[in-house]
Every structure is written in structure tokens, then in C-alpha cells.
2 protein chains.
Amino acid sequence: MSRSKTFFTAGPAELYPRFEEFLQEFVDLQLGSISHRSQQFKDIYQHTDEQLRELMNIPAENAIMFTGTASEIWERIILNCTELETFHLVNGSFSKKFYSYAASLGRHAHKMEKPMGEGFSYAEIEVPEFAELIATTQNETSTGVQTREPDINKLKRGNSSKLVAVDMVSSAPVPEIDFSLVDTAFFSVQKSFGLPAGLGVWIANEACLAKSEEISTKSSIGGHHRLPELWKQSRNYQTPSTPNVMGIYLLGKVAEDMNNRGIENLRKETDAKANKLYKYFAGKEGFSIGVEKEEHRSRTVAVINTERPSSEVISALKERNLIIGAGYGPNKETQIRIANFIANTPEQIDSLIKAFDELF
Amino acid sequence: MSRSKTFFTAGPAELYPRFEEFLQEFVDLQLGSISHRSQQFKDIYQHTDEQLRELMNIPAENAIMFTGTASEIWERIILNCTELETFHLVNGSFSKKFYSYAASLGRHAHKMEKPMGEGFSYAEIEVPEFAELIATTQNETSTGVQTREPDINKLKRGNSSKLVAVDMVSSAPVPEIDFSLVDTAFFSVQKSFGLPAGLGVWIANEACLAKSEEISTKSSIGGHHRLPELWKQSRNYQTPSTPNVMGIYLLGKVAEDMNNRGIENLRKETDAKANKLYKYFAGKEGFSIGVEKEEHRSRTVAVINTERPSSEVISALKERNLIIGAGYGPNKETQIRIANFIANTPEQIDSLIKAFDELF
């Protein structure tokens with residue numbers, strides 16, 4: 001069935017173009033019934049693992065593990081990779097939530113905070129001496145602010161004894177994260193992978209594993225999805241408890257398709273679409289770009305200021321079956337958010353711009 | 001597409017007969033793309049909530065909440081409903097895991113343990129004085145042993161100041177749990193609800209909420225899926241983080257269909273199928289019932305001893321596209337497990353018995 005609506009929402013989002021085909025395969029193969037201890041499941045996990053490694057250039061030494069959601073991974077990282085102190089770069093609602101998870105788990109959680117719409121550059125970041133973990137958000141879904149990959153790399157090089165965690169929930173697989181430097185990163189599948197929600201992906205290196213093993217001799221690293229067990233099982237393409245088999249299968253198929261299209265091509269296409277959007281709104285009366293500094297503007301979630309209430313803009317577009325998002329939290333009425341995920345084709349972005357031209 | 005294989009596995013399991021129809025609706029309505037903050041999502045949550053309340057007789061005072069998996073709920077219950085001491089009735093691998101989660105989370109975890117294949121009756125249970133929680137497993141998927149509902153009710157009546165948690169992962173909605181007595185219960189959707197894995201359902205009462213609020217003033221109740229936040233959001237048919245929207249939608253449709261068929265009819269059908277299976281294997285040469293005491297035999301997962309290696313039995317049936325499970329853990333080769341979920345029709349059970357008759 002053809003889709004009547006096009007979603008430019010920041011997640012759940014437009015589904016990957018071949019989603020329905022992959023889902024039908026899952027149904028036809030009766031994969032919803034297979035045991036997660038079977039060779040058939042192991043083969044599915046292995047396929048997804050291999051396709052993600054190719055797509056995101058993840059070294060063999062790192063583990064790729066699955067959880068229920070990316071929010072769960074915030075907690076797993078705090079529990080498994082920190083004992084006492086954390087440090088968070090906060091510039092929006094999701095980086096703040098990561099920080100609040102650390103505080104809730106009894107960690108001495110430090111933060112450096114920026115107003116919504118502003119980003120971080122390496123030179124200005126002062127890392128507290130005893131922080132064990134530096135938590136960065138590569139793409140702040142709430143504000144459309146990105147942290148550039150070179151700044152993340154410098155952050156690790158400048159603090160090599162600390163673990164660096166990268167929230168790439170709403171940007172993976174677009175940013176070129178250097179997994180030989182970064183210790184852990186994570187994402188959800190309902191963003192740029194264009195899949196229904198219900199699966200988080202956690203990538204971690206051996207330094208994270210060593211840290212969790214060390215902490216576990218002194219204090220609790222949690223009961224569920226403890227890193228040493230997730231890690232050990234992942235090496236055999238297994239999971240400690242029954243996973244979202246459908247999500248893992250579909251993710252592998254989408255990642256394979258992305259590999260066939262070539263990640264470099266997809267990155268170029270993403271950049272071209274983002275540039276077109278930003279250029280358009282820079283010159284469009286009644287609208288302006290939400291993030292002032294060009295280097296901090298997200299490639300996958302464009303946040304745009306609107307002089308009209310966002311609800312008016314959203315409603316008018318909805319009548320044309322084009323679904324965009326409101327600003328987040330306090331910016332609900334004064335901003336709109338437009339996802340520029342891989343599933344959002346160049347033609348869709350053109351249609352959206354055309355609609356803005358005609359309507360506003 | 002018609003299914004070529006029939007699954008009698010204990011989860012992931014045979015999918016609900018109307019699963020594909022409901023999935024197609026989900027796809028056609030583009031529900032994989034909708035915002036989990038939209039009214040459309042709230043309506044889906046509300047529908048699932050209402051259908052589950054009707055199906056399982058859950059009072060309005062209790063909250064129905066969603067997690068990634070039932071194993072996650074073990075951890076949430078320990079974190080939110082206990083501060084220091086827990087007590088676990090252990091008679092198989094899953095009840096033991098619940099116990100080990102409590103120990104991993106630093107609780108003083110007590111247990112009363114039975115050999116695999118044996119169950120608990122109320123009269124023999126001695127509850128430690130300072131345990132805050134009694135953890136029972138209504139249906140032990142690993143051994144096919146059940147705890148009868150009247151015993152669970154007596155356990156609560158005899159220990160009214162303690163919270164009682166019921167693992168009904170592989171039996172819900174078949175057992176008649178008295179939610180005016182039991183404080184918290186949970187299940188997964190890949191068992192008797194006949195859905196793909198990836199969603200856990202957590203039911204809790206106000207005593208659990210009060211306990212979590214009390215503990216949170218003194219120590220950590222976790223960072224993710226904290227009961228007070230899950231609870232508050234559930235009252236507005238919302239979730240703290242992006243949930244498995246597909247799983248929640250499909251669960252609501254399956255529960256609605258079960259309500260239309262009538263839970264009493266489904267319970268009678270389940271009992272009739274279970275009786276047929278047990279009667280058959282009691283008289284079948286080379287096989288015998290795994291659980292000696294009739295009152296402790298599971299209605300939804302029949303565990304059968306086999307004189308032939310289980311792998312031979314499983315392979316022979318597989319050639320006829322009938323998929324059954326091996327025994328769990330140490331009983332892998334000496335037992336088989338046959339799910340008798342709602343999705344396993346009386347005709348399927350008859351076909352399986354016929355195949356045993358012809359093959360062995």
C-alpha cells in the first residue's frame with residue numbers, strides 16, 4: 001500500500017522506503033516465532049552486526065548490543081561505566097535527561113550547560129578532574145544542535161583516561177564517529193534508520209567492559225542488561241533475555257540496503273538536503289534558522305524559528321499530508337522541527353519546500 | 001501468506017491467528033511513524049489499557065505500563081518496590097533469575113528453593129520476617145510448573161504488609177490473578193498473546209507506587225523507567241521515553257479479539273487442550289509427564305519427559321513442520337516442552353498428538 005502521509009518528524013519518523021518489503025519477508029519467514037536461542041536467530045544477529053560494522057566503521061573489538069530503547073542505554077552506561085562521577089555537556093532536553101539519569105543513580109553528576117540553540121566547541125570545554133565519563137550528545141533532537149565529530153575526537157584525545165560516550169540517537173549512521181577513539185555510543189532505530197520504535201543499539205569498547213568488571217567487584221552495576229553479560233552473549237550473537245527479534249532483523253536489512261547504496265553517497269545526499277533546507281529558510285520571510293552558528297546546525301534535524309505559531313504552520317502542512325514537528329518544550333510554539341533522515345528522500349524535501357512556498 | 005510451520009515453542013511462539021491482519025492495519029495506517037506524544041498514540045495506549053483491564057480484570061486503581069521486556073521489570077520491581085530485603089520462591093531458571101537480579105542490585109535476597117519439576121503450596125512457605133517483597137512465579141517456563149492462584153492469594157492474605165509480585169510471563173492472560181490482592185504482576189507479549197518479542201507489560205498498584213516514592217527519598221530507584229514517572233505518564237496514556245508503539249498497538253488488537261471470544265471460553269479451551277496433552281503423554285510409551293503433582297502442572301507450557309533424546313523427537317517433528325522445544329538447561333536432552341498458548345488451536349494440538357502417534 002502506498003503511504004498517504006509523508007513524515008518529517010524527528011522520530012518516530014518516516015519509515016525507510018523498503019520497510020514494508022523487509023517486514024513482509026519477516027512475516028513470510030515466520031521469524032516472529034523463532035527461538036532467540038536458535039542458529040536462525042544467531043544468523044540474524046550476525047547479519048545485523050556485520051552490516052552495522054560496515055556502515056558505521058565499527059572495529060571488531062567493539063561489541064554491538066541491543067536494548068529496548070536508547071534511554072535505557074543512558075542508565076546502562078551510568079551503571080556500568082561510572083562509579084562516582086560523571087560530566088555532561090548539556091544543550092537541550094535529551095542531554096539534560098542523560099545528566100538527570102546520572103544524578104538519579106546517585107552519581108556526582110557535573111554539567112556544562114548552554115542555552116537551547118547553542119552548541120559546544122572543544123576549546124571551551126573544561127572537564128572536571130575526577131569525572132570518569134564525558135557524556136556528549138552528537139545531535140540534540142530537541143534543539144537541532146550538533147557537536148561536530150572533530151570536537152568529539154579532540155575531547156577524547158584531551159582526556160584519554162576518561163570514557164567518552166556519544167548520544168547519536170537522532171543522527172546515526174550519518175556522523176563519522178571514530179570508534180577507535182570514542183568508547184561508547186548508542187542510537188534508536190526510529191530515527192534515521194526509518195524503523196518502528198522499540199530497539200536501542202549500544203556500541204561499547206573493551207575499556208567500558210573493563211570498567212564494568214572493575215566496578216562490579218565493589219558495587220552494583222544493575223541487574224538487567226549488565227554490560228559483562230550483554231557483551232559475552234553478543235560475542236556469540238546472543239542476548240541475555242528475549243530481544244526484539246523483528247527490530248534486529250529489520251535493522252540488518254536496512255543497514256544492508258544502506259551499505260549497497262554506499263554510506264558516502266548517503267552522507268552527501270543528507271548534506272545536500274540539509275543545505276537546501278537551511279538555505280531556503282534563511283531567505284524565507286517569517287522564518288529563520290534556529291541555530292545561529294553554522295557549524296552547530298544539525299544535519300538530520302533542522303530546527304526553524306517561525307513568526308506564525310507553529311501550530312498554524314503544522315496544520316496547514318498536515319492538510320497536504322506533510323507532517324512536521326513542533327519545537328520542543330519551551331519552544332513548542334515558536335519553532336518547527338524538520339527531520340532530514342535518510343528515509344526522507346530529496347524529492348520529499350523538495351515537496352516540503354514547495355509547500356512552504358505556496359502556503360506561507 | 002499461510003504459515004508453513006506450526007510453533008509449539010514456549011516463546012517466541014506461534015503467532016496469534018489474526019496477527020498478520022492486525023500488522024497490516026498498523027502498516028496501512030502508517031502508525032510506525034506517528035509521534036508518541038500525539039493524541040493518536042494516546043488513543044492506542046488507552047485502547048490497549050482498556051482491553052487488558054477487561055481481559056484480566058485489572059482494577060482502575062492499578063497502572064498498566066510498558067517496558068522493553070519482562071526481564072527489565074524484574075529489575076524495576078526490585079529497584080522501586082524494595083529497599084533492603086526480598087524473598088523469592090525459586091523452582092526453575094526464571095524464578096532463579098529474578099532472585100539473582102535482587103542479589104545483583106545489592107538486596108539481601110532470600111529464597112526458598114525446590115528441585116526442578118516441583119511446585120509450591122501455600123502451607124509450606126515460610127516468609128522471612130523482614131522481606132519487603134515476595135516474588136512468585138505463576139508459571140515457570142523452564143520446568144512447566146505452576147503456582148495455583150489460590151496459593152498466591154493466601155500468600156498475600158497471610159503477609160498483608162509485604163508486597164507480592166507475580167511473574168506471569170508465560171501464562172497471562174490465562175490465570176485468574178486477583179489484582180485486588182496481588183500488588184504487581186508482569187508478562188511478555190511473545191508468549192500466550194502470540195506476538196513478536198519486544199514488549200513487557202507491568203501492572204502495579206498504589207502500594208507499589210507509595211513504596212517507590214518512599215524509597216526515592218532515601219536512595220536510588222534507578223534512572224530509567226522509574227515507577228513514579230511511568231505511573232504518572234500512564235495515567236495520561238503516555239510513556240516517559242519512546243515506546244514500542246507497534247507492540248502496544250498489536251497487543252490491544254489481540255486483547256480485543258480475546259475479549260470478543262470471551263476469556264472464560266479461552267480458559268476452558270486452554271484447560272481442555274492441556275488435559276488432552278497430559279492425558280496423552282501419561283499413556284504414551286517412552287514419554288511421561290515432567291511434573292508429578294497434578295495441581296502444579298502448567299496449563300500453558302507442558303513439560304514432558306522423553307526416553308529418546310529430545311533432539312531426535314524434535315527433529316522428527318520438524319520434518320512435519322511441527323516445532324516443539326527442548327527441555328531447559330540441564331533437562332535439555334531428557335525433556336521436551338510443548339506450549340499450549342491461546343494461539344495454539346485445538347486442531348493444532350490434535351495434529352501434534354497425531355504426529356506423536358505416528359512417529360513414536
# chains A, B, ... in the order shown; residues from 1 in each chain; ligands from 1

call {"tool": "residues_around", "arguments": {"residues": "B:Ala70", "least_positions_apart": "6", "cutoff": "6 Å", "atoms": "only C-alpha atoms", "output": "list in words"}}
result
Phe187, Ser188 and Gly200 of chain B

call {"tool": "write_last_selection", "arguments": {"atoms": "N, CA and C atoms", "output": "tab-separated table (two decimals), in the first residue's frame"}}
result
chain	number	residue	atom	x	y	z
B	187	PHE	N	4.17	-9.53	32.37
B	187	PHE	CA	4.28	-10.56	31.34
B	187	PHE	C	4.91	-9.97	30.08
B	188	SER	N	5.24	-10.88	29.16
B	188	SER	CA	5.77	-10.51	27.85
B	188	SER	C	4.72	-10.86	26.81
B	200	GLY	N	7.36	-5.60	27.23
B	200	GLY	CA	6.99	-6.12	28.53
B	200	GLY	C	5.83	-5.30	29.08

call {"tool": "interface_residues", "arguments": {"of": "chain B", "to": "chain A", "cutoff": "6 Å", "atoms": "only C-alpha atoms", "output": "list in words"}}
result
Pro12, Ala13, Glu14, Gly32, Ser33, Ile34, Ser35, Gly68, Glu72, Glu75, Tyr101, Ser104, Leu105, Pro196, Ala197, Gly198, Ser220, Gly222, Gly223, His224, Pro243 and Asn244 of chain B

call {"tool": "select_by_dssp", "arguments": {"residues": "stretch 197-242 of chain A", "states": "helix (DSSP H, G or I)", "output": "ChimeraX atom specification"}}
result
/A:206-216,227-234

call {"tool": "closest_residue", "arguments": {"among": "A:Tyr249, A:Tyr280, A:Phe356, A:Tyr16", "to": "A:Asp43", "atoms": "only C-alpha atoms"}}
result
A:Tyr249

call {"tool": "select_by_dssp", "arguments": {"residues": "stretch 78-134 of chain A", "states": "strand (DSSP E or B)", "output": "NGL selection string"}}
result
:A and (85-90 or 108-113 or 133-134)

call {"tool": "write_last_selection", "arguments": {"atoms": "C-alpha atoms", "output": "mmCIF file, in the first residue's frame"}}
result
data_model
loop_
_atom_site.group_PDB
_atom_site.id
_atom_site.type_symbol
_atom_site.label_atom_id
_atom_site.label_comp_id
_atom_site.auth_asym_id
_atom_site.auth_seq_id
_atom_site.Cartn_x
_atom_site.Cartn_y
_atom_site.Cartn_z
ATOM 1 C CA GLU A 85 31.411 10.997 38.950
ATOM 2 C CA THR A 86 30.114 11.926 35.513
ATOM 3 C CA PHE A 87 30.328 15.010 33.307
ATOM 4 C CA HIS A 88 27.648 16.030 30.828
ATOM 5 C CA LEU A 89 27.610 18.537 28.000
ATOM 6 C CA VAL A 90 24.024 19.779 28.230
ATOM 7 C CA HIS A 108 28.074 13.115 41.445
ATOM 8 C CA ALA A 109 26.938 14.467 38.084
ATOM 9 C CA HIS A 110 28.664 17.581 36.728
ATOM 10 C CA LYS A 111 27.399 19.529 33.754
ATOM 11 C CA MET A 112 28.400 22.343 31.457
ATOM 12 C CA GLU A 113 25.208 23.869 30.137
ATOM 13 C CA LEU A 133 32.789 9.682 31.903
ATOM 14 C CA ILE A 134 32.232 12.542 29.471
#

call {"tool": "atom_distance", "arguments": {"atom1": "atom CA of A:Phe186", "atom2": "atom CA of B:Pro228"}}
result
25.8 Å

call {"tool": "residues_around", "arguments": {"residues": "B:Leu230", "least_positions_apart": "3", "cutoff": "9 Å", "atoms": "only C-alpha atoms", "output": "ChimeraX atom specification"}}
result
/B:63,65-66,225-227,233-235,238-240

call {"tool": "atom_distance", "arguments": {"atom1": "atom CA of B:Ala131", "atom2": "atom CA of B:Arg157"}}
result
15.3 Å

call {"tool": "residues_around", "arguments": {"residues": "A:Ser298", "least_positions_apart": "2", "cutoff": "12 Å", "atoms": "only C-alpha atoms", "output": "MDAnalysis selection string"}}
result
chainID A and resid 10 117:119 137:149 168 170:172 174:175 270:271 273:275 277:278 289:296 300:304 337:341
